[in-house]
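Contents: one structure, followed by commentary.
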Amino acid sequence: MLENPISTLYPINEIFQTIQGEGVFTGVPAIFIRLQGCPVGCPWCDTQHTWEQRESDQVEATEVVEKQQPSSNWASMTADEMVKLIEAKGYTAKHVVITGGEPAMFNLIPLGQALEQKGYQLQIETSGTFAIQVTPSTWVTVSPKLDMPGGYLVRPDCMKRANEIKYPVAMQKHIEQFDKLLKACPPRAEAIIALQPISQRPRATELAIKVCIERNWRLSAQLHKYLKIE
Ligand SMILES: C[S@@+](CC[C@H](N)C(=O)[O-])C[C@H]1O[C@@H](n2cnc3c(N)ncnc32)[C@H](O)[C@@H]1O
Ligand SMILES: Nc1nc2[nH]cc(C(=O)O)c2c(=O)[nH]1
Ligand code: SF4
Ligand SMILES: [Mg+2]
């Protein structure tokens, strides 16, 4: 039987409104929808509480919406339930960022369609290790993950779909790995390339600034962490 898109269930870790702190849309008010579950295993991941989707952590939707602290609790929600919830919250942002966890593990087309029908502009943050299922107008940010413990590979089709490639760096070795990826899986000519220093480490930030200037790439400095907002 075909999957009914209206009833597609998504595991939601949190929904909140803030300022986009990363990439091209830095500074734009945005509603974040964070999905639960990621098998990639980046050792420095800042959202490790989203990795496992445990049955014992399932809660009611109201609980994830009222969440004050990061936790591994998640709720099952349909696209329509999320739209209703966002409207009920009275959020003013028109930009919606789907993140995680790894949101590309799920078919995000029903969610994208439901939100676009209400006038929201969509963006997805993904590692590029799962086929990306989004609406054609969704802004795709691929943050490639190379040599991570989960053993997942960055997919050439994800690199081609990316509107923006936002690569996390801490050391010179990462730049060399990224160069290899860009050669093996070329992005579109118009894709924007940014380097994002890992965890605001000064040496990572210095390296990212230096390479961005040399290559005429962008710096994505995780503004929200400097501002100490969500
Ligand atoms: C938490 S991930 C979730 C979405 C998806 N799994 C991904 O990796 O793109 C969101 C963004 O945060 C970045 N990120 C995670 N931990 C970070 C850290 N410690 N320092 C800098 N960026 C980090 C990722 O590279 C990605 O661009
Ligand atoms: N403010 C803010 N901006 C973000 N951009 C990407 C984020 C993410 O976790 O995917 C993020 C986040 O968690 N908070
Ligand atoms: S792919 Fe994204 S969510 Fe998964 S471990 Fe890496 S940074 Fe974290
Ligand atoms: Mg984050």
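Lettering and numbering for the structure tokens are positional, with chains as A, B, ... in the shown order, residues counted from 1 in each chain, and ligands counted from 1 in the shown order.
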
* So which residues touch Pro197 of chain A within 9 Å, counting only C-alpha atoms, skipping near sequence neighbours fewer than 5 positions away, as a ChimeraX atom specification? -> /A:167-170,202-209,219-222

Same residues, C-alpha atoms, saved as an mmCIF file, in the first residue's frame:
data_model
loop_
_atom_site.group_PDB
_atom_site.id
_atom_site.type_symbol
_atom_site.label_atom_id
_atom_site.label_comp_id
_atom_site.auth_asym_id
_atom_site.auth_seq_id
_atom_site.Cartn_x
_atom_site.Cartn_y
_atom_site.Cartn_z
ATOM 1 C CA TYR A 167 31.742 22.305 6.196
ATOM 2 C CA PRO A 168 32.815 21.958 9.848
ATOM 3 C CA VAL A 169 36.583 22.370 10.370
ATOM 4 C CA ALA A 170 39.080 22.207 13.208
ATOM 5 C CA PRO A 202 40.165 29.661 18.553
ATOM 6 C CA ARG A 203 42.522 27.601 16.363
ATOM 7 C CA ALA A 204 39.604 26.254 14.335
ATOM 8 C CA THR A 205 38.251 29.772 13.911
ATOM 9 C CA GLU A 206 41.660 31.151 12.840
ATOM 10 C CA LEU A 207 42.046 28.348 10.293
ATOM 11 C CA ALA A 208 38.537 28.874 8.914
ATOM 12 C CA ILE A 209 39.090 32.640 8.567
ATOM 13 C CA LEU A 219 32.651 31.977 7.303
ATOM 14 C CA SER A 220 29.776 30.489 9.327
ATOM 15 C CA ALA A 221 30.598 31.186 12.961
ATOM 16 C CA GLN A 222 27.480 29.838 14.783
#

List all protein, DNA and RNA residues that have at least one atom no more than 9 Å from any atom of ligand 1, counting only C-alpha atoms and all ligand atoms, and write them as a PDB file with N, CA and C atoms, in the first residue's frame.
ATOM      1  N   GLU A  22      23.511  30.064  11.627  1.00  0.00           N
ATOM      2  CA  GLU A  22      24.510  29.439  10.757  1.00  0.00           C
ATOM      3  C   GLU A  22      24.204  29.701   9.282  1.00  0.00           C
ATOM      4  N   GLY A  23      25.277  29.768   8.502  1.00  0.00           N
ATOM      5  CA  GLY A  23      25.143  29.750   7.046  1.00  0.00           C
ATOM      6  C   GLY A  23      24.559  31.020   6.446  1.00  0.00           C
ATOM      7  N   ARG A  34      13.386  20.184  15.109  1.00  0.00           N
ATOM      8  CA  ARG A  34      14.509  19.260  15.269  1.00  0.00           C
ATOM      9  C   ARG A  34      13.991  17.830  15.346  1.00  0.00           C
ATOM     10  N   LEU A  35      14.441  16.997  14.393  1.00  0.00           N
ATOM     11  CA  LEU A  35      13.993  15.597  14.364  1.00  0.00           C
ATOM     12  C   LEU A  35      14.943  14.715  15.179  1.00  0.00           C
ATOM     13  N   GLY A  37      17.046  11.316  16.024  1.00  0.00           N
ATOM     14  CA  GLY A  37      17.701  10.185  15.372  1.00  0.00           C
ATOM     15  C   GLY A  37      18.820  10.599  14.441  1.00  0.00           C
ATOM     16  N   CYS A  38      20.028  10.086  14.686  1.00  0.00           N
ATOM     17  CA  CYS A  38      21.147  10.268  13.754  1.00  0.00           C
ATOM     18  C   CYS A  38      22.184   9.183  14.007  1.00  0.00           C
ATOM     19  N   VAL A  40      25.191   9.001  12.370  1.00  0.00           N
ATOM     20  CA  VAL A  40      26.482   9.391  11.764  1.00  0.00           C
ATOM     21  C   VAL A  40      27.612   9.424  12.810  1.00  0.00           C
ATOM     22  N   CYS A  42      29.255  12.003  14.718  1.00  0.00           N
ATOM     23  CA  CYS A  42      30.356  12.980  14.799  1.00  0.00           C
ATOM     24  C   CYS A  42      30.750  13.174  16.270  1.00  0.00           C
ATOM     25  N   PRO A  43      32.024  12.946  16.624  1.00  0.00           N
ATOM     26  CA  PRO A  43      32.408  12.977  18.039  1.00  0.00           C
ATOM     27  C   PRO A  43      32.181  14.342  18.693  1.00  0.00           C
ATOM     28  N   TRP A  44      32.196  15.414  17.892  1.00  0.00           N
ATOM     29  CA  TRP A  44      32.058  16.782  18.415  1.00  0.00           C
ATOM     30  C   TRP A  44      30.637  17.324  18.224  1.00  0.00           C
ATOM     31  N   CYS A  45      29.697  16.460  17.872  1.00  0.00           N
ATOM     32  CA  CYS A  45      28.312  16.903  17.593  1.00  0.00           C
ATOM     33  C   CYS A  45      27.733  17.648  18.790  1.00  0.00           C
ATOM     34  N   ASP A  46      27.118  18.811  18.527  1.00  0.00           N
ATOM     35  CA  ASP A  46      26.551  19.615  19.622  1.00  0.00           C
ATOM     36  C   ASP A  46      25.110  19.215  19.959  1.00  0.00           C
ATOM     37  N   THR A  47      24.586  18.186  19.303  1.00  0.00           N
ATOM     38  CA  THR A  47      23.214  17.738  19.624  1.00  0.00           C
ATOM     39  C   THR A  47      23.177  16.216  19.810  1.00  0.00           C
ATOM     40  N   GLN A  48      24.063  15.707  20.634  1.00  0.00           N
ATOM     41  CA  GLN A  48      24.180  14.241  20.792  1.00  0.00           C
ATOM     42  C   GLN A  48      22.931  13.629  21.443  1.00  0.00           C
ATOM     43  N   THR A  50      20.143  13.916  20.380  1.00  0.00           N
ATOM     44  CA  THR A  50      19.175  13.568  19.311  1.00  0.00           C
ATOM     45  C   THR A  50      19.558  12.274  18.604  1.00  0.00           C
ATOM     46  N   ILE A  98      14.512  22.753   9.112  1.00  0.00           N
ATOM     47  CA  ILE A  98      14.355  21.357   9.551  1.00  0.00           C
ATOM     48  C   ILE A  98      15.755  20.822   9.826  1.00  0.00           C
ATOM     49  N   THR A  99      15.998  20.416  11.087  1.00  0.00           N
ATOM     50  CA  THR A  99      17.321  19.940  11.448  1.00  0.00           C
ATOM     51  C   THR A  99      17.181  18.700  12.324  1.00  0.00           C
ATOM     52  N   GLY A 100      18.249  18.354  13.018  1.00  0.00           N
ATOM     53  CA  GLY A 100      18.165  17.157  13.851  1.00  0.00           C
ATOM     54  C   GLY A 100      19.316  17.092  14.819  1.00  0.00           C
ATOM     55  N   GLY A 101      19.719  15.889  15.050  1.00  0.00           N
ATOM     56  CA  GLY A 101      19.465  14.634  14.366  1.00  0.00           C
ATOM     57  C   GLY A 101      19.757  14.757  12.865  1.00  0.00           C
ATOM     58  N   GLU A 102      19.406  13.705  12.156  1.00  0.00           N
ATOM     59  CA  GLU A 102      19.598  13.725  10.698  1.00  0.00           C
ATOM     60  C   GLU A 102      18.231  13.720  10.005  1.00  0.00           C
ATOM     61  N   PRO A 103      17.737  14.903   9.610  1.00  0.00           N
ATOM     62  CA  PRO A 103      16.377  14.986   9.071  1.00  0.00           C
ATOM     63  C   PRO A 103      16.207  14.275   7.723  1.00  0.00           C
ATOM     64  N   ALA A 104      17.316  14.061   6.995  1.00  0.00           N
ATOM     65  CA  ALA A 104      17.176  13.421   5.673  1.00  0.00           C
ATOM     66  C   ALA A 104      16.888  11.920   5.783  1.00  0.00           C
ATOM     67  N   ILE A 124      16.633  22.917   4.971  1.00  0.00           N
ATOM     68  CA  ILE A 124      17.004  21.691   5.675  1.00  0.00           C
ATOM     69  C   ILE A 124      18.511  21.735   5.950  1.00  0.00           C
ATOM     70  N   GLU A 125      18.880  21.295   7.157  1.00  0.00           N
ATOM     71  CA  GLU A 125      20.294  21.126   7.527  1.00  0.00           C
ATOM     72  C   GLU A 125      20.555  19.620   7.520  1.00  0.00           C
ATOM     73  N   THR A 126      21.483  19.161   6.675  1.00  0.00           N
ATOM     74  CA  THR A 126      21.724  17.714   6.577  1.00  0.00           C
ATOM     75  C   THR A 126      23.201  17.412   6.363  1.00  0.00           C
ATOM     76  N   SER A 127      23.583  16.211   6.782  1.00  0.00           N
ATOM     77  CA  SER A 127      24.977  15.772   6.619  1.00  0.00           C
ATOM     78  C   SER A 127      25.271  15.268   5.212  1.00  0.00           C
ATOM     79  N   GLY A 128      24.250  15.084   4.396  1.00  0.00           N
ATOM     80  CA  GLY A 128      24.468  14.614   3.020  1.00  0.00           C
ATOM     81  C   GLY A 128      24.727  13.120   2.930  1.00  0.00           C
ATOM     82  N   THR A 129      24.351  12.377   3.963  1.00  0.00           N
ATOM     83  CA  THR A 129      24.613  10.931   3.981  1.00  0.00           C
ATOM     84  C   THR A 129      23.356  10.102   3.685  1.00  0.00           C
ATOM     85  N   THR A 141      20.981  22.900   2.854  1.00  0.00           N
ATOM     86  CA  THR A 141      22.320  23.121   3.403  1.00  0.00           C
ATOM     87  C   THR A 141      22.921  21.763   3.720  1.00  0.00           C
ATOM     88  N   VAL A 142      23.962  21.407   2.994  1.00  0.00           N
ATOM     89  CA  VAL A 142      24.656  20.141   3.269  1.00  0.00           C
ATOM     90  C   VAL A 142      25.910  20.456   4.071  1.00  0.00           C
ATOM     91  N   SER A 143      26.030  19.785   5.212  1.00  0.00           N
ATOM     92  CA  SER A 143      27.220  19.934   6.055  1.00  0.00           C
ATOM     93  C   SER A 143      27.946  18.581   6.035  1.00  0.00           C
ATOM     94  N   PRO A 144      28.854  18.400   5.070  1.00  0.00           N
ATOM     95  CA  PRO A 144      29.399  17.060   4.824  1.00  0.00           C
ATOM     96  C   PRO A 144      30.143  16.493   6.031  1.00  0.00           C
ATOM     97  N   LYS A 145      29.939  15.210   6.269  1.00  0.00           N
ATOM     98  CA  LYS A 145      30.593  14.512   7.380  1.00  0.00           C
ATOM     99  C   LYS A 145      31.463  13.415   6.782  1.00  0.00           C
ATOM    100  N   ILE A 165      26.947  24.631   0.989  1.00  0.00           N
ATOM    101  CA  ILE A 165      27.745  23.568   1.616  1.00  0.00           C
ATOM    102  C   ILE A 165      28.495  24.209   2.765  1.00  0.00           C
ATOM    103  N   LYS A 166      28.224  23.694   3.964  1.00  0.00           N
ATOM    104  CA  LYS A 166      28.729  24.338   5.189  1.00  0.00           C
ATOM    105  C   LYS A 166      29.565  23.292   5.925  1.00  0.00           C
ATOM    106  N   TYR A 167      30.861  23.394   5.764  1.00  0.00           N
ATOM    107  CA  TYR A 167      31.742  22.305   6.196  1.00  0.00           C
ATOM    108  C   TYR A 167      32.380  22.623   7.551  1.00  0.00           C
ATOM    109  N   PRO A 168      32.218  21.721   8.529  1.00  0.00           N
ATOM    110  CA  PRO A 168      32.815  21.958   9.848  1.00  0.00           C
ATOM    111  C   PRO A 168      34.316  21.641   9.849  1.00  0.00           C
ATOM    112  N   VAL A 169      35.120  22.562  10.378  1.00  0.00           N
ATOM    113  CA  VAL A 169      36.583  22.370  10.370  1.00  0.00           C
ATOM    114  C   VAL A 169      37.201  22.657  11.735  1.00  0.00           C
ATOM    115  N   ALA A 170      38.278  21.917  12.022  1.00  0.00           N
ATOM    116  CA  ALA A 170      39.080  22.207  13.208  1.00  0.00           C
ATOM    117  C   ALA A 170      40.565  22.207  12.877  1.00  0.00           C
ATOM    118  N   GLN A 196      32.710  26.213   8.789  1.00  0.00           N
ATOM    119  CA  GLN A 196      32.152  26.453  10.133  1.00  0.00           C
ATOM    120  C   GLN A 196      33.134  25.893  11.178  1.00  0.00           C
ATOM    121  N   PRO A 197      33.771  26.775  11.961  1.00  0.00           N
ATOM    122  CA  PRO A 197      34.716  26.297  12.977  1.00  0.00           C
ATOM    123  C   PRO A 197      34.011  25.397  13.987  1.00  0.00           C
ATOM    124  N   ILE A 198      34.639  24.284  14.336  1.00  0.00           N
ATOM    125  CA  ILE A 198      34.037  23.345  15.284  1.00  0.00           C
ATOM    126  C   ILE A 198      34.153  23.897  16.705  1.00  0.00           C
ATOM    127  N   SER A 199      33.008  24.062  17.344  1.00  0.00           N
ATOM    128  CA  SER A 199      32.910  24.412  18.774  1.00  0.00           C
ATOM    129  C   SER A 199      33.653  25.684  19.174  1.00  0.00           C
ATOM    130  N   GLN A 200      33.661  26.704  18.317  1.00  0.00           N
ATOM    131  CA  GLN A 200      34.265  28.018  18.610  1.00  0.00           C
ATOM    132  C   GLN A 200      35.710  27.919  19.084  1.00  0.00           C
ATOM    133  N   ARG A 201      36.395  26.811  18.765  1.00  0.00           N
ATOM    134  CA  ARG A 201      37.800  26.709  19.186  1.00  0.00           C
ATOM    135  C   ARG A 201      38.588  27.784  18.454  1.00  0.00           C
ATOM    136  N   SER A 220      31.008  30.688   8.562  1.00  0.00           N
ATOM    137  CA  SER A 220      29.776  30.489   9.327  1.00  0.00           C
ATOM    138  C   SER A 220      30.190  30.231  10.774  1.00  0.00           C
ATOM    139  N   ALA A 221      29.983  31.236  11.624  1.00  0.00           N
ATOM    140  CA  ALA A 221      30.598  31.186  12.961  1.00  0.00           C
ATOM    141  C   ALA A 221      29.627  30.777  14.077  1.00  0.00           C
ATOM    142  N   GLN A 222      28.464  30.229  13.762  1.00  0.00           N
ATOM    143  CA  GLN A 222      27.480  29.838  14.783  1.00  0.00           C
ATOM    144  C   GLN A 222      27.161  31.005  15.728  1.00  0.00           C
TER     145      GLN A 222
END

* **Nearby residues (only C-alpha atoms) at most 8 Å from Phe32 of chain A, same-chain spacing under 2 positions excluded, as a PyMOL selection string** => chain A and resi 14-18+30+34+96-99

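A straight line drawn from atom CA of Pro110 of chain A to atom CA of Pro39 of chain A is 23.1 Å long.
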
* Asked: In Å, with one decimal, what is the gap from atom CA of Ala191 of chain A to atom 7 (S, counted along the ligand's line) of ligand 3?
  -> 20.5 Å

* Asked: Which neighbours of Leu146 of chain A fall inside 9 Å, counting only C-alpha atoms, when residues of the same chain fewer than 2 positions from it are skipped, and could you give them as a PyMOL selection string?
  -> chain A and resi 144+148+151-154+174+177-178+181
